[in-house]
>>> print(open('data-v6.pdb').read())   # PDB, C-alpha atoms
ATOM      1  CA  MET E 531    -148.047 -97.306 125.987
ATOM      2  CA  VAL E 532    -147.298 -93.989 127.558
ATOM      3  CA  ALA E 533    -147.493 -93.921 131.355
ATOM      4  CA  TRP E 534    -149.354 -90.794 132.351
ATOM      5  CA  PHE E 535    -148.428 -91.256 135.989
ATOM      6  CA  GLN E 536    -146.102 -93.366 138.030
ATOM      7  CA  ARG E 537    -147.381 -95.058 141.144
ATOM      8  CA  VAL E 538    -144.987 -94.333 143.948
ATOM      9  CA  LYS E 539    -145.128 -96.410 147.047
ATOM     10  CA  ALA E 540    -144.832 -93.835 149.776
ATOM     11  CA  PRO E 541    -143.439 -94.854 153.125
ATOM     12  CA  LEU E 542    -145.986 -95.246 155.922
ATOM     13  CA  VAL E 543    -145.580 -92.274 158.245
ATOM     14  CA  ARG E 544    -147.045 -92.469 161.771
ATOM     15  CA  ILE E 545    -147.517 -89.179 163.519
ATOM     16  CA  LYS E 546    -147.952 -89.545 167.239
ATOM     17  CA  LYS E 547    -150.185 -86.774 168.453
ATOM     18  CA  ASN E 548    -149.972 -85.386 171.956
ATOM     19  CA  ARG E 549    -153.159 -86.042 173.793
ATOM     20  CA  VAL E 550    -154.387 -83.375 176.221
ATOM     21  CA  THR E 551    -156.661 -84.616 178.944
ATOM     22  CA  VAL E 552    -159.328 -82.096 179.912
ATOM     23  CA  PRO E 553    -160.800 -82.642 183.410
ATOM     24  CA  ASN E 554    -164.531 -83.240 183.543
ATOM     25  CA  GLY E 555    -166.487 -80.058 184.289
ATOM     26  CA  MET E 556    -163.661 -77.697 183.379
ATOM     27  CA  TRP E 557    -165.870 -75.977 180.805
ATOM     28  CA  MET E 558    -169.604 -75.307 180.825
ATOM     29  CA  LYS E 559    -172.236 -73.922 178.476
ATOM     30  CA  CYS E 560    -174.241 -70.922 179.675
ATOM     31  CA  ASP E 561    -177.948 -71.734 180.012
ATOM     32  CA  ARG E 562    -178.919 -68.422 178.436
ATOM     33  CA  CYS E 563    -176.366 -67.279 175.829
ATOM     34  CA  ARG E 564    -175.109 -70.855 175.119
ATOM     35  CA  GLU E 565    -171.504 -69.657 175.075
ATOM     36  CA  ILE E 566    -168.762 -71.932 176.398
ATOM     37  CA  ILE E 567    -167.273 -70.503 179.584
ATOM     38  CA  TYR E 568    -164.413 -71.535 181.833
ATOM     39  CA  ARG E 569    -165.900 -72.900 185.055
ATOM     40  CA  THR E 570    -163.202 -71.492 187.343
ATOM     41  CA  GLU E 571    -163.786 -67.971 186.014
ATOM     42  CA  PHE E 572    -167.520 -68.557 186.392
ATOM     43  CA  GLU E 573    -167.064 -69.526 190.039
ATOM     44  CA  ASN E 574    -164.767 -66.553 190.681
ATOM     45  CA  ASN E 575    -167.414 -64.285 189.160
ATOM     46  CA  ALA E 576    -169.935 -65.361 191.837
ATOM     47  CA  LYS E 577    -171.631 -67.803 189.426
ATOM     48  CA  VAL E 578    -172.477 -65.117 186.896
ATOM     49  CA  CYS E 579    -171.831 -65.711 183.173
ATOM     50  CA  GLN E 580    -168.940 -63.534 182.000
ATOM     51  CA  LYS E 581    -170.395 -63.321 178.479
ATOM     52  CA  CYS E 582    -174.035 -62.314 179.041
ATOM     53  CA  ASN E 583    -174.177 -61.398 182.774
ATOM     54  CA  TYR E 584    -176.737 -64.120 183.485
ATOM     55  CA  HIS E 585    -177.017 -64.582 187.261
ATOM     56  CA  TYR E 586    -177.364 -68.259 188.062
ATOM     57  CA  ARG E 587    -179.460 -69.257 191.054
ATOM     58  CA  ILE E 588    -177.254 -70.057 194.048
ATOM     59  CA  SER E 589    -177.876 -71.748 197.387
ATOM     60  CA  ALA E 590    -178.654 -69.958 200.625
ATOM     61  CA  MET E 591    -175.254 -70.829 202.090
ATOM     62  CA  ASP E 592    -173.430 -69.651 198.949
ATOM     63  CA  ARG E 593    -175.314 -66.371 199.268
ATOM     64  CA  ILE E 594    -174.376 -65.972 202.917
ATOM     65  CA  GLU E 595    -170.719 -66.723 202.178
ATOM     66  CA  LEU E 596    -170.696 -64.023 199.488
ATOM     67  CA  LEU E 597    -172.228 -61.404 201.766
ATOM     68  CA  LEU E 598    -170.630 -62.039 205.152
ATOM     69  CA  ASP E 599    -167.069 -61.877 206.395
ATOM     70  CA  GLU E 600    -165.334 -65.232 206.324
ATOM     71  CA  GLY E 601    -165.978 -67.333 209.418
ATOM     72  CA  SER E 602    -168.376 -64.842 210.997
ATOM     73  CA  PHE E 603    -171.685 -66.615 210.365
ATOM     74  CA  GLN E 604    -173.524 -68.195 213.290
ATOM     75  CA  GLU E 605    -176.700 -70.080 212.368
ATOM     76  CA  PHE E 606    -179.808 -70.097 214.557
ATOM     77  CA  ASP E 607    -182.952 -72.261 214.670
ATOM     78  CA  ARG E 608    -181.515 -74.822 212.266
ATOM     79  CA  ASP E 609    -183.571 -77.710 213.659
ATOM     80  CA  LEU E 610    -187.047 -76.146 213.419
ATOM     81  CA  THR E 611    -189.283 -78.425 211.343
ATOM     82  CA  SER E 612    -192.915 -78.510 210.263
ATOM     83  CA  THR E 613    -195.309 -80.868 212.080
ATOM     84  CA  ASP E 614    -197.618 -81.186 209.041
ATOM     85  CA  PRO E 615    -200.673 -79.865 210.963
ATOM     86  CA  LEU E 616    -203.078 -80.349 208.016
ATOM     87  CA  LYS E 617    -201.914 -83.902 207.184
ATOM     88  CA  PHE E 618    -201.761 -82.651 203.605
ATOM     89  CA  ARG E 619    -201.376 -84.917 200.610
ATOM     90  CA  ASP E 620    -201.325 -84.233 196.862
ATOM     91  CA  THR E 621    -199.361 -86.630 194.662
ATOM     92  CA  MET E 622    -197.398 -87.522 197.794
ATOM     93  CA  LYS E 623    -197.617 -86.851 201.514
ATOM     94  CA  TYR E 624    -196.347 -83.480 202.694
ATOM     95  CA  LYS E 625    -194.124 -85.266 205.222
ATOM     96  CA  ASP E 626    -192.518 -87.174 202.367
ATOM     97  CA  ARG E 627    -191.919 -83.945 200.438
ATOM     98  CA  LEU E 628    -190.194 -82.484 203.462
ATOM     99  CA  LYS E 629    -187.994 -85.563 203.812
ATOM    100  CA  LYS E 630    -187.134 -85.461 200.106
ATOM    101  CA  SER E 631    -186.154 -81.772 200.267
ATOM    102  CA  THR E 632    -184.161 -82.315 203.454
ATOM    103  CA  LYS E 633    -182.201 -85.107 201.789
ATOM    104  CA  LYS E 634    -181.555 -82.898 198.757
ATOM    105  CA  THR E 635    -180.474 -79.723 200.585
ATOM    106  CA  LYS E 636    -179.331 -80.967 204.023
ATOM    107  CA  LEU E 637    -181.697 -78.343 205.502
ATOM    108  CA  LYS E 638    -184.834 -78.747 207.631
ATOM    109  CA  ASP E 639    -186.748 -76.029 205.777
ATOM    110  CA  ALA E 640    -186.501 -73.411 203.054
ATOM    111  CA  ILE E 641    -184.502 -70.697 204.824
ATOM    112  CA  VAL E 642    -181.194 -70.252 206.622
ATOM    113  CA  CYS E 643    -181.093 -67.631 209.398
ATOM    114  CA  GLY E 644    -178.310 -66.382 211.613
ATOM    115  CA  ALA E 645    -175.950 -63.589 212.564
ATOM    116  CA  GLY E 646    -172.619 -62.435 211.197
ATOM    117  CA  SER E 647    -170.580 -59.462 210.123
ATOM    118  CA  MET E 648    -170.382 -57.620 206.817
ATOM    119  CA  ASN E 649    -167.185 -55.600 206.586
ATOM    120  CA  HIS E 650    -167.328 -55.447 210.396
ATOM    121  CA  HIS E 651    -170.999 -54.408 210.559
ATOM    122  CA  ARG E 652    -172.885 -56.810 212.795
ATOM    123  CA  ILE E 653    -176.105 -57.946 211.120
ATOM    124  CA  GLU E 654    -178.893 -60.526 211.261
ATOM    125  CA  ILE E 655    -179.446 -62.325 207.956
ATOM    126  CA  CYS E 656    -182.030 -64.703 206.461
ATOM    127  CA  ALA E 657    -181.551 -66.321 203.048
ATOM    128  CA  PHE E 658    -184.132 -68.428 201.218
ATOM    129  CA  GLU E 659    -183.150 -71.817 199.774
ATOM    130  CA  PHE E 660    -185.031 -72.326 196.490
ATOM    131  CA  ASN E 661    -184.060 -75.994 196.228
ATOM    132  CA  PHE E 662    -186.191 -76.715 199.294
ATOM    133  CA  MET E 663    -189.731 -76.873 197.873
ATOM    134  CA  GLY E 664    -189.181 -73.801 195.702
ATOM    135  CA  GLY E 665    -188.199 -71.639 198.665
ATOM    136  CA  SER E 666    -191.849 -71.618 199.718
ATOM    137  CA  MET E 667    -192.816 -69.876 202.947
ATOM    138  CA  GLY E 668    -194.551 -72.067 205.500
ATOM    139  CA  SER E 669    -194.901 -71.785 209.259
ATOM    140  CA  VAL E 670    -191.248 -72.686 209.916
ATOM    141  CA  VAL E 671    -189.926 -70.093 207.455
ATOM    142  CA  GLY E 672    -192.200 -67.425 208.952
ATOM    143  CA  GLU E 673    -191.142 -68.336 212.489
ATOM    144  CA  LYS E 674    -187.428 -68.276 211.668
ATOM    145  CA  ILE E 675    -187.709 -64.890 209.946
ATOM    146  CA  THR E 676    -189.674 -63.486 212.891
ATOM    147  CA  ARG E 677    -187.090 -64.741 215.348
ATOM    148  CA  GLY E 678    -184.330 -63.205 213.240
ATOM    149  CA  ILE E 679    -186.112 -59.833 213.265
ATOM    150  CA  GLU E 680    -186.622 -60.042 217.036
ATOM    151  CA  ARG E 681    -182.910 -60.761 217.511
ATOM    152  CA  ALA E 682    -182.105 -57.721 215.361
ATOM    153  CA  ILE E 683    -184.346 -55.564 217.580
ATOM    154  CA  HIS E 684    -182.799 -56.975 220.755
ATOM    155  CA  LYS E 685    -179.217 -56.503 219.520
ATOM    156  CA  LYS E 686    -179.999 -53.249 217.671
ATOM    157  CA  VAL E 687    -178.327 -54.467 214.488
ATOM    158  CA  PRO E 688    -179.517 -54.189 210.844
ATOM    159  CA  MET E 689    -181.676 -56.903 209.273
ATOM    160  CA  LEU E 690    -180.941 -58.385 205.849
ATOM    161  CA  ILE E 691    -183.282 -60.798 204.035
ATOM    162  CA  VAL E 692    -182.420 -62.430 200.693
ATOM    163  CA  SER E 693    -185.590 -63.587 198.927
ATOM    164  CA  CYS E 694    -185.681 -66.434 196.411
ATOM    165  CA  SER E 695    -189.100 -67.982 196.640
ATOM    166  CA  GLY E 696    -192.153 -69.264 194.828
ATOM    167  CA  GLY E 697    -194.386 -67.759 197.539
ATOM    168  CA  ALA E 698    -196.585 -69.242 200.258
ATOM    169  CA  ARG E 699    -196.532 -73.014 200.755
ATOM    170  CA  MET E 700    -199.850 -74.505 199.696
ATOM    171  CA  GLN E 701    -199.346 -77.660 201.792
ATOM    172  CA  GLU E 702    -199.872 -75.566 204.941
ATOM    173  CA  GLY E 703    -202.916 -73.666 203.695
ATOM    174  CA  ILE E 704    -204.042 -70.731 205.853
ATOM    175  CA  LEU E 705    -201.166 -71.345 208.290
ATOM    176  CA  SER E 706    -198.789 -70.440 205.473
ATOM    177  CA  LEU E 707    -200.749 -67.318 204.551
ATOM    178  CA  MET E 708    -200.678 -66.150 208.179
ATOM    179  CA  GLN E 709    -196.881 -65.888 207.914
ATOM    180  CA  LEU E 710    -197.369 -62.827 205.711
ATOM    181  CA  ALA E 711    -199.049 -60.965 208.561
ATOM    182  CA  LYS E 712    -196.682 -62.387 211.177
ATOM    183  CA  THR E 713    -193.469 -61.327 209.444
ATOM    184  CA  THR E 714    -194.930 -57.968 208.394
ATOM    185  CA  ALA E 715    -195.862 -57.198 212.018
ATOM    186  CA  ALA E 716    -192.319 -58.083 213.114
ATOM    187  CA  LEU E 717    -190.850 -55.751 210.482
ATOM    188  CA  SER E 718    -193.172 -53.008 211.711
ATOM    189  CA  ARG E 719    -191.634 -53.348 215.189
ATOM    190  CA  LEU E 720    -188.165 -53.240 213.611
ATOM    191  CA  SER E 721    -189.108 -49.982 211.873
ATOM    192  CA  GLU E 722    -190.449 -48.507 215.117
ATOM    193  CA  ALA E 723    -187.084 -49.297 216.714
ATOM    194  CA  ARG E 724    -185.440 -47.329 213.851
ATOM    195  CA  ILE E 725    -183.300 -50.279 212.809
ATOM    196  CA  PRO E 726    -182.449 -50.606 209.077
ATOM    197  CA  TYR E 727    -183.890 -53.413 207.005
ATOM    198  CA  ILE E 728    -182.372 -54.193 203.591
ATOM    199  CA  SER E 729    -184.233 -56.530 201.240
ATOM    200  CA  ILE E 730    -182.447 -58.326 198.391
ATOM    201  CA  LEU E 731    -184.624 -59.742 195.611
ATOM    202  CA  THR E 732    -183.267 -62.560 193.462
ATOM    203  CA  ASP E 733    -184.711 -64.761 190.742
ATOM    204  CA  PRO E 734    -187.477 -65.622 191.446
ATOM    205  CA  THR E 735    -189.237 -63.591 194.140
ATOM    206  CA  THR E 736    -192.949 -64.240 193.804
ATOM    207  CA  GLY E 737    -196.290 -64.776 195.525
ATOM    208  CA  GLY E 738    -196.718 -64.229 199.245
ATOM    209  CA  VAL E 739    -193.051 -63.398 199.813
ATOM    210  CA  THR E 740    -193.329 -60.479 197.386
ATOM    211  CA  ALA E 741    -196.607 -59.491 199.058
ATOM    212  CA  SER E 742    -194.916 -59.254 202.460
ATOM    213  CA  ILE E 743    -191.279 -59.119 203.522
ATOM    214  CA  ALA E 744    -189.645 -58.700 200.106
ATOM    215  CA  MET E 745    -191.157 -55.282 199.318
ATOM    216  CA  LEU E 746    -190.954 -53.760 202.812
ATOM    217  CA  GLY E 747    -187.238 -52.955 202.948
ATOM    218  CA  ASP E 748    -185.911 -49.515 203.780
ATOM    219  CA  ILE E 749    -183.676 -50.235 200.794
ATOM    220  CA  ILE E 750    -184.777 -52.773 198.158
ATOM    221  CA  ILE E 751    -182.012 -54.196 195.984
ATOM    222  CA  ALA E 752    -182.504 -56.588 193.060
ATOM    223  CA  GLU E 753    -180.215 -58.722 190.949
ATOM    224  CA  PRO E 754    -180.328 -58.164 187.167
ATOM    225  CA  GLU E 755    -183.188 -59.814 185.248
ATOM    226  CA  ALA E 756    -184.752 -61.344 188.366
ATOM    227  CA  LEU E 757    -188.432 -62.263 188.112
ATOM    228  CA  ILE E 758    -190.236 -60.251 190.804
ATOM    229  CA  CYS E 759    -194.008 -60.488 190.981
ATOM    230  CA  PHE E 760    -197.079 -61.664 192.851
ATOM    231  CA  ALA E 761    -198.762 -63.576 190.030
ATOM    232  CA  GLY E 762    -196.565 -64.713 187.143
ATOM    233  CA  PRO E 763    -196.749 -63.135 183.679
ATOM    234  CA  ARG E 764    -198.341 -66.211 182.128
ATOM    235  CA  VAL E 765    -201.206 -66.122 184.666
ATOM    236  CA  ILE E 766    -201.739 -62.408 184.081
ATOM    237  CA  GLU E 767    -201.782 -62.789 180.300
ATOM    238  CA  GLN E 768    -204.344 -65.580 180.545
ATOM    239  CA  THR E 769    -206.490 -63.474 182.884
ATOM    240  CA  ILE E 770    -206.505 -60.138 181.057
ATOM    241  CA  LYS E 771    -206.179 -61.659 177.550
ATOM    242  CA  GLN E 772    -203.494 -59.150 176.578
ATOM    243  CA  LYS E 773    -199.822 -59.353 175.638
ATOM    244  CA  LEU E 774    -197.577 -57.959 178.368
ATOM    245  CA  PRO E 775    -194.662 -55.566 177.655
ATOM    246  CA  ASP E 776    -191.214 -57.038 177.076
ATOM    247  CA  GLY E 777    -189.372 -57.575 180.333
ATOM    248  CA  PHE E 778    -192.553 -57.161 182.370
ATOM    249  CA  GLN E 779    -191.958 -58.106 186.040
ATOM    250  CA  ARG E 780    -188.205 -58.321 185.576
ATOM    251  CA  SER E 781    -186.075 -56.264 187.960
ATOM    252  CA  GLU E 782    -185.119 -53.706 185.269
ATOM    253  CA  PHE E 783    -188.823 -53.012 184.628
ATOM    254  CA  LEU E 784    -189.484 -52.645 188.363
ATOM    255  CA  LEU E 785    -186.535 -50.280 188.783
ATOM    256  CA  GLU E 786    -187.830 -48.102 185.953
ATOM    257  CA  HIS E 787    -191.267 -47.967 187.608
ATOM    258  CA  GLY E 788    -190.004 -47.269 191.134
ATOM    259  CA  PHE E 789    -190.628 -50.618 192.832
ATOM    260  CA  VAL E 790    -186.963 -51.278 193.642
ATOM    261  CA  ASP E 791    -184.207 -48.865 194.586
ATOM    262  CA  MET E 792    -181.219 -50.301 192.745
ATOM    263  CA  LEU E 793    -179.906 -53.166 190.618
ATOM    264  CA  LEU E 794    -176.583 -54.673 191.611
ATOM    265  CA  HIS E 795    -174.267 -57.298 190.198
ATOM    266  CA  ARG E 796    -173.901 -60.093 192.719
ATOM    267  CA  LYS E 797    -170.218 -59.329 193.265
ATOM    268  CA  ASP E 798    -171.044 -55.723 194.201
ATOM    269  CA  MET E 799    -173.649 -56.577 196.830
ATOM    270  CA  LYS E 800    -171.383 -56.766 199.856
ATOM    271  CA  SER E 801    -169.454 -53.554 199.227
ATOM    272  CA  THR E 802    -172.558 -51.536 198.361
ATOM    273  CA  ILE E 803    -174.607 -52.770 201.314
ATOM    274  CA  SER E 804    -171.664 -52.017 203.609
ATOM    275  CA  LYS E 805    -171.697 -48.409 202.379
ATOM    276  CA  LEU E 806    -175.441 -48.228 203.023
ATOM    277  CA  LEU E 807    -174.905 -49.511 206.554
ATOM    278  CA  ASP E 808    -172.177 -46.863 207.031
ATOM    279  CA  PHE E 809    -174.738 -44.252 205.969
ATOM    280  CA  PHE E 810    -177.398 -45.518 208.387
ATOM    281  CA  ARG E 811    -174.909 -45.667 211.254
ATOM    282  CA  ASN E 812    -173.708 -42.113 210.581
ATOM    283  CA  LYS E 813    -177.324 -40.906 210.547
ATOM    284  CA  GLU E 814    -177.857 -42.510 213.950
ATOM    285  CA  ASP E 815    -174.718 -40.832 215.307
TER     286      ASP E 815
END
>>> encode(input="data-v6.pdb", output="structure tokens")
Amino acid sequence: MVAWFQRVKAPLVRIKKNRVTVPNGMWMKCDRCREIIYRTEFENNAKVCQKCNYHYRISAMDRIELLLDEGSFQEFDRDLTSTDPLKFRDTMKYKDRLKKSTKKTKLKDAIVCGAGSMNHHRIEICAFEFNFMGGSMGSVVGEKITRGIERAIHKKVPMLIVSCSGGARMQEGILSLMQLAKTTAALSRLSEARIPYISILTDPTTGGVTASIAMLGDIIIAEPEALICFAGPRVIEQTIKQKLPDGFQRSEFLLEHGFVDMLLHRKDMKSTISKLLDFFRNKED
């Protein structure tokens, strides 16, 4: 019998592979483009995706740290809290919602206000915290913004407000809606004093905040692809029974139609606003 093959007993070879341990969280997947990105580069790029330029939502304190000179921020009115005047309750008590948001964010309400310097320009700044009940504007938020504006008038320094909000806070009813008039009146006094007010719109800026402080800036700056509106596109489509244009109510659409003055990458905010403040100061001189 002819052997067509010969079985050869090969030696058992063990190859020891080097194992590389990758730390947890070193890489992340972009929520929009789904590309894998290096987290350190993402953080160094001000939490903006390097592949698709998607601007992630960031906290109020992260925003302030990006805009102000290191160590210059001094917070005011941190301990102001709502007294729940309407004793409101939906699926849970309003007081319990406030406690839940406070535990989550370590803040007493949905905005952080204070003073600091931006490339040596002294300014007053307010930044909304979306993680606190959607950045909604109730009586505390309105009061803190008003106090910030009054400090800017007293010190004769520019006012900067960073909006990131779902609008007025329904749990405070008409008291929440009155903050629109209150903050608008304060900004009117700031304008009469000829003090600059710069408004930064981020994703999302909606409802009563858009209808008041957000759109009253001497200069209105928006981040790319931010949703900026009073009523959302879904509500409008359901009301008028028509399909809205692509990109409707996004910052690029608003820039094209004259509602905002410029779009800026988050990393360019500080340098550009500093140049604007140089311009305003030179005009005053």
>>> atom_distance(input="data-v6.pdb", atom1="CA of Asn649 in chain E", atom2="CA of Lys800 in chain E")
8.0 Å
>>> atom_distance(input="data-v6.pdb", atom1="CA of Gly747 in chain E", atom2="CA of Ser729 in chain E")
5.0 Å
>>> resolve_selection(input="data-v6.pdb", expression="the PyMOL selection byres ((chain E and resi 599-612) around 7)", output="MDAnalysis selection string")
chainID E and resid 595 597:598 613:614 638:639 643:649 670 674
>>> closest_atom_pairs(input="data-v6.pdb", of="range 604-675 of chain E", to="range 685-705 of chain E", cutoff="7 Å", atoms="only C-alpha atoms", output="JSON lines")
{"residue": "E:Leu616", "atom": "CA", "partner": "E:Glu702", "partner_atom": "CA", "distance": 6.5}
{"residue": "E:Phe618", "atom": "CA", "partner": "E:Gln701", "partner_atom": "CA", "distance": 5.8}
{"residue": "E:Tyr624", "atom": "CA", "partner": "E:Gln701", "partner_atom": "CA", "distance": 6.6}
{"residue": "E:Arg652", "atom": "CA", "partner": "E:Val687", "partner_atom": "CA", "distance": 6.2}
{"residue": "E:Ile653", "atom": "CA", "partner": "E:Pro688", "partner_atom": "CA", "distance": 5.1}
{"residue": "E:Glu654", "atom": "CA", "partner": "E:Met689", "partner_atom": "CA", "distance": 5.0}
{"residue": "E:Ile655", "atom": "CA", "partner": "E:Leu690", "partner_atom": "CA", "distance": 4.7}
{"residue": "E:Cys656", "atom": "CA", "partner": "E:Ile691", "partner_atom": "CA", "distance": 4.8}
{"residue": "E:Ala657", "atom": "CA", "partner": "E:Val692", "partner_atom": "CA", "distance": 4.6}
{"residue": "E:Phe658", "atom": "CA", "partner": "E:Cys694", "partner_atom": "CA", "distance": 5.4}
{"residue": "E:Glu659", "atom": "CA", "partner": "E:Cys694", "partner_atom": "CA", "distance": 6.8}
{"residue": "E:Phe660", "atom": "CA", "partner": "E:Cys694", "partner_atom": "CA", "distance": 5.9}
{"residue": "E:Gly664", "atom": "CA", "partner": "E:Gly696", "partner_atom": "CA", "distance": 5.5}
{"residue": "E:Gly665", "atom": "CA", "partner": "E:Ser695", "partner_atom": "CA", "distance": 4.3}
{"residue": "E:Ser666", "atom": "CA", "partner": "E:Arg699", "partner_atom": "CA", "distance": 5.0}
{"residue": "E:Met667", "atom": "CA", "partner": "E:Ala698", "partner_atom": "CA", "distance": 4.7}
{"residue": "E:Gly668", "atom": "CA", "partner": "E:Arg699", "partner_atom": "CA", "distance": 5.2}
{"residue": "E:Ser669", "atom": "CA", "partner": "E:Leu705", "partner_atom": "CA", "distance": 6.4}
>>> residues_around(input="data-v6.pdb", residues="range 754-758 of chain E", least_positions_apart="6", cutoff="8 Å", atoms="only C-alpha atoms", output="list in words")
Tyr584, His585, Leu731, Thr732, Asp733, Pro734, Thr735, Thr736, Thr740, Gln779, Arg780, Ser781, Glu782, Leu793, Leu794 and His795 of chain E
>>> residues_near_point(input="data-v6.pdb", point="(-181.2, -50.7, 210.0)", cutoff="10 Å", atoms="all atoms listed in the file", output="list of chain:residue names")
E:Ile653, E:Ala682, E:Ile683, E:Lys686, E:Val687, E:Pro688, E:Met689, E:Leu690, E:Leu720, E:Ser721, E:Ala723, E:Arg724, E:Ile725, E:Pro726, E:Tyr727, E:Ile728, E:Gly747, E:Asp748, E:Ile749, E:Leu806, E:Leu807, E:Phe809, E:Phe810, E:Arg811, E:Glu814
>>> resolve_selection(input="data-v6.pdb", expression="the PyMOL selection byres ((chain E and resi 709) around 10)", output="list in words")
Met667, Gly668, Ser669, Val670, Val671, Gly672, Glu673, Ile675, Thr676, Ala698, Ile704, Leu705, Ser706, Leu707, Met708, Leu710, Ala711, Lys712, Thr713, Thr714, Ala715, Gly738, Val739, Ser742 and Ile743 of chain E
>>> atom_distance(input="data-v6.pdb", atom1="CA of Arg764 in chain E", atom2="CA of Phe662 in chain E")
23.5 Å
>>> resolve_selection(input="data-v6.pdb", expression="the PyMOL selection byres ((chain E and resi 568-577) around 8)", output="ChimeraX atom specification")
/E:555-558,566-567,578-580,585-586,588,596,796-797
>>> closest_residue(input="data-v6.pdb", among="E:Lys630, E:Lys773, E:His650, E:His684", to="Ser801 in chain E", atoms="all atoms listed in the file")
E:His650
>>> build_atoms(input="data-v6.pdb", residues="range 685-704 of chain E", atoms="N, CA and C atoms", output="PDB file, in the frame of the given file")
ATOM      1  N   LYS E 685    -180.634 -56.859 219.632  1.00  0.00           N
ATOM      2  CA  LYS E 685    -179.217 -56.503 219.520  1.00  0.00           C
ATOM      3  C   LYS E 685    -179.003 -55.110 218.932  1.00  0.00           C
ATOM      4  N   LYS E 686    -180.071 -54.542 218.352  1.00  0.00           N
ATOM      5  CA  LYS E 686    -179.999 -53.249 217.671  1.00  0.00           C
ATOM      6  C   LYS E 686    -179.009 -53.291 216.512  1.00  0.00           C
ATOM      7  N   VAL E 687    -179.176 -54.326 215.676  1.00  0.00           N
ATOM      8  CA  VAL E 687    -178.327 -54.467 214.488  1.00  0.00           C
ATOM      9  C   VAL E 687    -179.216 -54.538 213.252  1.00  0.00           C
ATOM     10  N   PRO E 688    -178.717 -54.160 212.074  1.00  0.00           N
ATOM     11  CA  PRO E 688    -179.517 -54.189 210.844  1.00  0.00           C
ATOM     12  C   PRO E 688    -179.976 -55.602 210.478  1.00  0.00           C
ATOM     13  N   MET E 689    -181.090 -55.648 209.748  1.00  0.00           N
ATOM     14  CA  MET E 689    -181.676 -56.903 209.273  1.00  0.00           C
ATOM     15  C   MET E 689    -181.515 -56.986 207.768  1.00  0.00           C
ATOM     16  N   LEU E 690    -181.105 -58.156 207.281  1.00  0.00           N
ATOM     17  CA  LEU E 690    -180.941 -58.385 205.849  1.00  0.00           C
ATOM     18  C   LEU E 690    -181.658 -59.678 205.476  1.00  0.00           C
ATOM     19  N   ILE E 691    -182.575 -59.608 204.501  1.00  0.00           N
ATOM     20  CA  ILE E 691    -183.282 -60.798 204.035  1.00  0.00           C
ATOM     21  C   ILE E 691    -183.076 -60.934 202.534  1.00  0.00           C
ATOM     22  N   VAL E 692    -182.623 -62.121 202.111  1.00  0.00           N
ATOM     23  CA  VAL E 692    -182.420 -62.430 200.693  1.00  0.00           C
ATOM     24  C   VAL E 692    -183.562 -63.338 200.250  1.00  0.00           C
ATOM     25  N   SER E 693    -184.412 -62.830 199.367  1.00  0.00           N
ATOM     26  CA  SER E 693    -185.590 -63.587 198.927  1.00  0.00           C
ATOM     27  C   SER E 693    -185.306 -64.348 197.634  1.00  0.00           C
ATOM     28  N   CYS E 694    -185.726 -65.598 197.619  1.00  0.00           N
ATOM     29  CA  CYS E 694    -185.681 -66.434 196.411  1.00  0.00           C
ATOM     30  C   CYS E 694    -186.748 -67.489 196.613  1.00  0.00           C
ATOM     31  N   SER E 695    -187.969 -67.175 196.191  1.00  0.00           N
ATOM     32  CA  SER E 695    -189.100 -67.982 196.640  1.00  0.00           C
ATOM     33  C   SER E 695    -190.229 -68.018 195.628  1.00  0.00           C
ATOM     34  N   GLY E 696    -190.945 -69.139 195.631  1.00  0.00           N
ATOM     35  CA  GLY E 696    -192.153 -69.264 194.828  1.00  0.00           C
ATOM     36  C   GLY E 696    -193.394 -68.766 195.541  1.00  0.00           C
ATOM     37  N   GLY E 697    -193.253 -68.313 196.805  1.00  0.00           N
ATOM     38  CA  GLY E 697    -194.386 -67.759 197.539  1.00  0.00           C
ATOM     39  C   GLY E 697    -194.801 -68.623 198.710  1.00  0.00           C
ATOM     40  N   ALA E 698    -196.062 -68.489 199.113  1.00  0.00           N
ATOM     41  CA  ALA E 698    -196.585 -69.242 200.258  1.00  0.00           C
ATOM     42  C   ALA E 698    -196.665 -70.732 199.925  1.00  0.00           C
ATOM     43  N   ARG E 699    -196.541 -71.563 200.949  1.00  0.00           N
ATOM     44  CA  ARG E 699    -196.532 -73.014 200.755  1.00  0.00           C
ATOM     45  C   ARG E 699    -197.944 -73.573 200.856  1.00  0.00           C
ATOM     46  N   MET E 700    -198.452 -74.078 199.745  1.00  0.00           N
ATOM     47  CA  MET E 700    -199.850 -74.505 199.696  1.00  0.00           C
ATOM     48  C   MET E 700    -200.124 -75.680 200.630  1.00  0.00           C
ATOM     49  N   GLN E 701    -199.129 -76.479 200.943  1.00  0.00           N
ATOM     50  CA  GLN E 701    -199.346 -77.660 201.792  1.00  0.00           C
ATOM     51  C   GLN E 701    -199.693 -77.282 203.228  1.00  0.00           C
ATOM     52  N   GLU E 702    -199.515 -76.000 203.589  1.00  0.00           N
ATOM     53  CA  GLU E 702    -199.872 -75.566 204.941  1.00  0.00           C
ATOM     54  C   GLU E 702    -201.059 -74.606 204.948  1.00  0.00           C
ATOM     55  N   GLY E 703    -201.671 -74.413 203.778  1.00  0.00           N
ATOM     56  CA  GLY E 703    -202.916 -73.666 203.695  1.00  0.00           C
ATOM     57  C   GLY E 703    -202.885 -72.309 204.377  1.00  0.00           C
ATOM     58  N   ILE E 704    -203.903 -72.033 205.200  1.00  0.00           N
ATOM     59  CA  ILE E 704    -204.042 -70.731 205.853  1.00  0.00           C
ATOM     60  C   ILE E 704    -202.901 -70.465 206.828  1.00  0.00           C
TER      61      ILE E 704
END
